[in-house]
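Asker: Input: one structure, supplied below.
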Amino acid sequence: MRWLGDEPVPDELVDKLLWAATRASNPGNSQPWDFVVVRDAEQRARVAGVLTERWGRFRASSSEQRPGGDPTHRRMMEGVRYLIDHLAEAPVMIFICGNNVYPPDAPQERMMLSATYGAAQNLVVAARALGLGAAYTTFHLGSEAAIKALLGIPEETQICVTIPVGWPKRRFGELNRRPLDEVVHYDRW
C-alpha cells in the first residue's frame with residue numbers, strides 16, 4: 001500500500017508491527033536486526049528529502065514508463081511516485097537494519113538478509129491485518145550513507161528495507177499472482 005494518509009498511528013499498533021517483525025525466522029536465532037522507527041515530523045521530512053532527491057536522480061537516469069504502456073508497471077510507478085511525493089506525510093517510517101553476524105566464525109550477508117527480509121515481510125503482513133498500509137521499499141539504496149548519518153545508524157550496519165506505514169488512503173486491490181501450477185514443482189523441476 002503506497003497510498004498512505006497522514007493520520008497518526010498509535011504506538012501500540014507500531015509495537016505490534018515490531019513484535020511481528022521480530023518473530024521472523026533467522027539463522028541460529030542470531031536475530032541480526034535492529035529497527036529504527038522515525039515518527040518525528042521534522043526527522044521524517046529530512047529523510048524524505050534525501051529519498052526524494054534520490055528518486056529525482058532515478059527518474060532522470062531510467063525509463064520510468066515502458067514503451068507500450070504495460071498497465072501493471074504503469075500502476076506500480078504511479079504508486080511509487082505518489083509515495084515519494086508524499087513520503088514525509090507517512091506518520092511512521094521503519095528502517096529494518098541488519099548486522100552481518102552469522103555464522104559467528106564466517107558471517108555471510110545472505111544469512112543476515114534472509115532474516116531481515118523475513119522480518120520486513122512479517123511487518124507488512126501484520127500491518128495489513130491491523131488495517132494499516134505499509135510499503136516494502138528499497139528507496140534507501142543509493143542514499144544509504146546519507147540516511148545512516150541522519151539516523152545515527154552505525155557504519156557496519158546495513159539498511160535492508162525501508163517501510164513507510166500509515167492508514168491507507170485507498171482500498172487494497174486484488175493481488176495478481178501466477179497460478180500455482182506455473183510455479184510449484186513436486187519432487188523435481
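How things are named: the first chain in the C-alpha cells is A, the next is B, and so on; residues count from 1 in each chain; ligands count from 1 in the order shown.
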Give me, as JSON lines, each residue of range 27-114 of chain A that comes within 9 Å of range 145-165 of chain A, together with its shortest interatomic pair and the distance in Å at one decimal, counting only C-alpha atoms, with rows ordered by chain and rising residue number.
Answerer:
{"residue": "A:Asp34", "atom": "CA", "partner": "A:Thr157", "partner_atom": "CA", "distance": 8.8}
{"residue": "A:Val36", "atom": "CA", "partner": "A:Leu151", "partner_atom": "CA", "distance": 7.8}
{"residue": "A:Val38", "atom": "CA", "partner": "A:Leu151", "partner_atom": "CA", "distance": 8.6}
{"residue": "A:Gln43", "atom": "CA", "partner": "A:Leu150", "partner_atom": "CA", "distance": 8.2}
{"residue": "A:Arg46", "atom": "CA", "partner": "A:Leu150", "partner_atom": "CA", "distance": 7.9}
{"residue": "A:Val47", "atom": "CA", "partner": "A:Ile147", "partner_atom": "CA", "distance": 6.5}
{"residue": "A:Val50", "atom": "CA", "partner": "A:Ile147", "partner_atom": "CA", "distance": 7.2}
{"residue": "A:Leu51", "atom": "CA", "partner": "A:Ile147", "partner_atom": "CA", "distance": 8.4}
{"residue": "A:Leu83", "atom": "CA", "partner": "A:Pro164", "partner_atom": "CA", "distance": 8.7}
{"residue": "A:Leu87", "atom": "CA", "partner": "A:Pro164", "partner_atom": "CA", "distance": 7.5}
{"residue": "A:Ala90", "atom": "CA", "partner": "A:Pro164", "partner_atom": "CA", "distance": 6.1}
{"residue": "A:Pro91", "atom": "CA", "partner": "A:Val165", "partner_atom": "CA", "distance": 6.7}
{"residue": "A:Val92", "atom": "CA", "partner": "A:Val165", "partner_atom": "CA", "distance": 5.1}
{"residue": "A:Met93", "atom": "CA", "partner": "A:Pro164", "partner_atom": "CA", "distance": 4.3}
{"residue": "A:Ile94", "atom": "CA", "partner": "A:Ile163", "partner_atom": "CA", "distance": 5.0}
{"residue": "A:Phe95", "atom": "CA", "partner": "A:Thr162", "partner_atom": "CA", "distance": 4.7}
{"residue": "A:Ile96", "atom": "CA", "partner": "A:Val161", "partner_atom": "CA", "distance": 5.2}
{"residue": "A:Cys97", "atom": "CA", "partner": "A:Ile159", "partner_atom": "CA", "distance": 4.3}
{"residue": "A:Gly98", "atom": "CA", "partner": "A:Gln158", "partner_atom": "CA", "distance": 5.2}
{"residue": "A:Asn99", "atom": "CA", "partner": "A:Thr157", "partner_atom": "CA", "distance": 5.1}
{"residue": "A:Asn100", "atom": "CA", "partner": "A:Thr157", "partner_atom": "CA", "distance": 7.7}
{"residue": "A:Leu113", "atom": "CA", "partner": "A:Cys160", "partner_atom": "CA", "distance": 7.2}
Asker: Those same residues, written as a compact mmCIF listing (two decimals), in the first residue's frame with N, CA and C atoms?
Answerer:
# COMPACT_ATOMS: atom_id res chain seq x y z
N ASP A 34 17.99 -4.72 13.70
CA ASP A 34 17.66 -3.56 14.53
C ASP A 34 16.64 -2.77 13.74
N VAL A 36 14.84 1.06 13.23
CA VAL A 36 14.82 2.49 13.52
C VAL A 36 13.44 2.98 13.11
N VAL A 38 10.99 6.06 12.79
CA VAL A 38 11.02 7.52 12.69
C VAL A 38 9.58 8.02 12.71
N GLN A 43 12.14 14.98 11.43
CA GLN A 43 13.07 13.93 11.01
C GLN A 43 12.53 13.20 9.77
N ARG A 46 13.29 15.34 6.81
CA ARG A 46 14.69 15.27 6.39
C ARG A 46 14.96 13.98 5.61
N VAL A 47 14.47 12.86 6.16
CA VAL A 47 14.67 11.58 5.48
C VAL A 47 13.99 11.61 4.12
N VAL A 50 16.04 13.43 1.49
CA VAL A 50 17.14 12.64 0.93
C VAL A 50 16.60 11.63 -0.08
N LEU A 51 15.53 10.96 0.27
CA LEU A 51 14.98 9.94 -0.62
C LEU A 51 14.35 10.55 -1.86
N LEU A 83 3.99 7.79 -3.42
CA LEU A 83 4.65 7.55 -2.13
C LEU A 83 5.84 8.48 -1.94
N LEU A 87 6.02 11.14 0.94
CA LEU A 87 6.72 10.33 1.94
C LEU A 87 6.77 10.99 3.31
N ALA A 90 3.79 10.30 5.61
CA ALA A 90 3.58 8.99 6.25
C ALA A 90 3.93 9.14 7.73
N PRO A 91 3.02 8.80 8.63
CA PRO A 91 3.26 9.07 10.04
C PRO A 91 4.37 8.24 10.67
N VAL A 92 4.76 7.15 10.02
CA VAL A 92 5.81 6.28 10.57
C VAL A 92 6.68 5.79 9.42
N MET A 93 7.99 5.83 9.63
CA MET A 93 8.94 5.19 8.72
C MET A 93 9.74 4.21 9.56
N ILE A 94 9.80 2.97 9.09
CA ILE A 94 10.57 1.96 9.81
C ILE A 94 11.70 1.48 8.91
N PHE A 95 12.90 1.57 9.43
CA PHE A 95 14.09 1.11 8.73
C PHE A 95 14.52 -0.19 9.38
N ILE A 96 14.48 -1.27 8.62
CA ILE A 96 14.93 -2.56 9.13
C ILE A 96 16.39 -2.70 8.76
N CYS A 97 17.21 -2.74 9.79
CA CYS A 97 18.66 -2.76 9.61
C CYS A 97 19.19 -4.14 9.97
N GLY A 98 20.32 -4.48 9.38
CA GLY A 98 20.90 -5.79 9.62
C GLY A 98 22.37 -5.69 9.95
N ASN A 99 22.80 -6.67 10.73
CA ASN A 99 24.20 -6.81 11.11
C ASN A 99 24.67 -8.18 10.65
N ASN A 100 25.78 -8.19 9.95
CA ASN A 100 26.31 -9.43 9.37
C ASN A 100 27.07 -10.19 10.46
N LEU A 113 20.43 -11.11 5.40
CA LEU A 113 19.33 -10.68 4.54
C LEU A 113 18.13 -11.60 4.66
Asker: Could you give me, as number ranges by chain, the residues within 12 Å of Gly131 in chain A, counting only C-alpha atoms and dropping anything in the same chain fewer than 6 positions from it?
Answerer: A: 1, 4, 9, 13, 17, 124-125, 165-172
Asker: May I ask for the distance between CA of Ala134 in chain A and CA of Val184 in chain A, given in Å to one decimal place?
Answerer: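 Those two atoms sit 27.9 Å apart.
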Asker: Which one is closest to Met77 in chain A: A:Gly49, A:Arg2, A:Gly133, A:Ala119? Count only C-alpha atoms.
Answerer: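 For Met77 in chain A, the nearest of the given residues is A:Arg2.
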Asker: Step one, run DSSP on the backbone; step two, keep only residues of range 2-167 of chain A assigned to alpha helix (DSSP H); then write them as a ChimeraX atom specification.
Answerer: /A:11-21,41-61,71-85,109-129,144-151
Asker: Just give me the gap between CA of Ala115 in chain A and CA of Gln31 in chain A in Å, one decimal is fine.
Answerer: 7.2 Å
Asker: Check the smallest atom-to-atom distance from each of A:Ala106, A:Leu123, A:Ala48, A:Leu18 to Ser143 in chain A using only C-alpha atoms, then report the winner.
Answerer: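 The answer is A:Ala48, which sits nearest to Ser143 in chain A.
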Asker: Which one of A:Arg75, A:Ala129, A:Glu53, A:Tyr117 sits closest to Gly173 in chain A if you count only C-alpha atoms?
Answerer: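 Answer, going by the shortest atom-to-atom distance: A:Arg75.
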Asker: How would you write, as a list in words, the set of residues in chain A that DSSP gives as strand (DSSP E)?
Answerer: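 Secondary structure check on chain A, strand (DSSP E): Trp33, Asp34, Phe35, Val36, Val37, Val38, Val92, Met93, Ile94, Phe95, Ile96, Cys97, Gly98, Gly133, Ala134, Gln158, Ile159, Cys160, Val161, Thr162, Ile163, Pro164, Val165 and Gly166 of chain A.
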Asker: Set the distance at 9 Å and use only C-alpha atoms: which residues neighbour Arg81 in chain A once local chain neighbours fewer than 5 positions away are removed? I'd like the list as a PDB file with C-alpha atoms, in the first residue's frame.
Answerer:
ATOM      1  CA  TRP A  55      14.167   9.467  -6.712  1.00  0.00           C
ATOM      2  CA  MET A  76       3.227   0.496  -9.852  1.00  0.00           C
ATOM      3  CA  HIS A  86       4.095  12.267  -0.027  1.00  0.00           C
TER       4      HIS A  86
END
Asker: Which neighbours of Gly28 in chain A fall inside 12 Å, counting only C-alpha atoms, when residues of the same chain fewer than 2 positions from it are skipped, and could you give them as an mmCIF file with C-alpha atoms, in the first residue's frame?
Answerer:
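Result file is part.cif:
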data_model
loop_
_atom_site.group_PDB
_atom_site.id
_atom_site.type_symbol
_atom_site.label_atom_id
_atom_site.label_comp_id
_atom_site.auth_asym_id
_atom_site.auth_seq_id
_atom_site.Cartn_x
_atom_site.Cartn_y
_atom_site.Cartn_z
ATOM 1 C CA SER A 25 12.809 -16.956 11.452
ATOM 2 C CA ASN A 26 16.509 -16.226 11.444
ATOM 3 C CA SER A 30 21.032 -14.732 15.647
ATOM 4 C CA GLN A 31 18.352 -12.025 15.397
ATOM 5 C CA PRO A 32 20.675 -9.827 13.312
ATOM 6 C CA VAL A 101 26.928 -11.703 12.373
ATOM 7 C CA TYR A 102 26.074 -15.260 11.372
ATOM 8 C CA PRO A 103 27.654 -17.726 11.425
ATOM 9 C CA PRO A 104 29.932 -16.157 14.037
ATOM 10 C CA PRO A 107 29.417 -14.300 8.655
ATOM 11 C CA MET A 111 22.095 -15.060 6.308
ATOM 12 C CA MET A 112 21.505 -11.505 7.547
ATOM 13 C CA SER A 114 17.230 -13.817 4.945
ATOM 14 C CA ALA A 115 16.369 -12.701 8.478
#
Asker: Would you work out the distance separating CA of Asp85 in chain A from CA of Tyr136 in chain A, expressed in Å to one decimal?
Answerer: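 Calculated distance between CA of Asp85 in chain A and CA of Tyr136 in chain A is 16.3 Å.
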Asker: Looking at A:Glu182, A:Phe139, A:Pro71, A:Arg39, which one is nearest to Glu7 in chain A, with distances taken over only C-alpha atoms?
Answerer: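 Of all the options, A:Arg39 lies closest to Glu7 in chain A.
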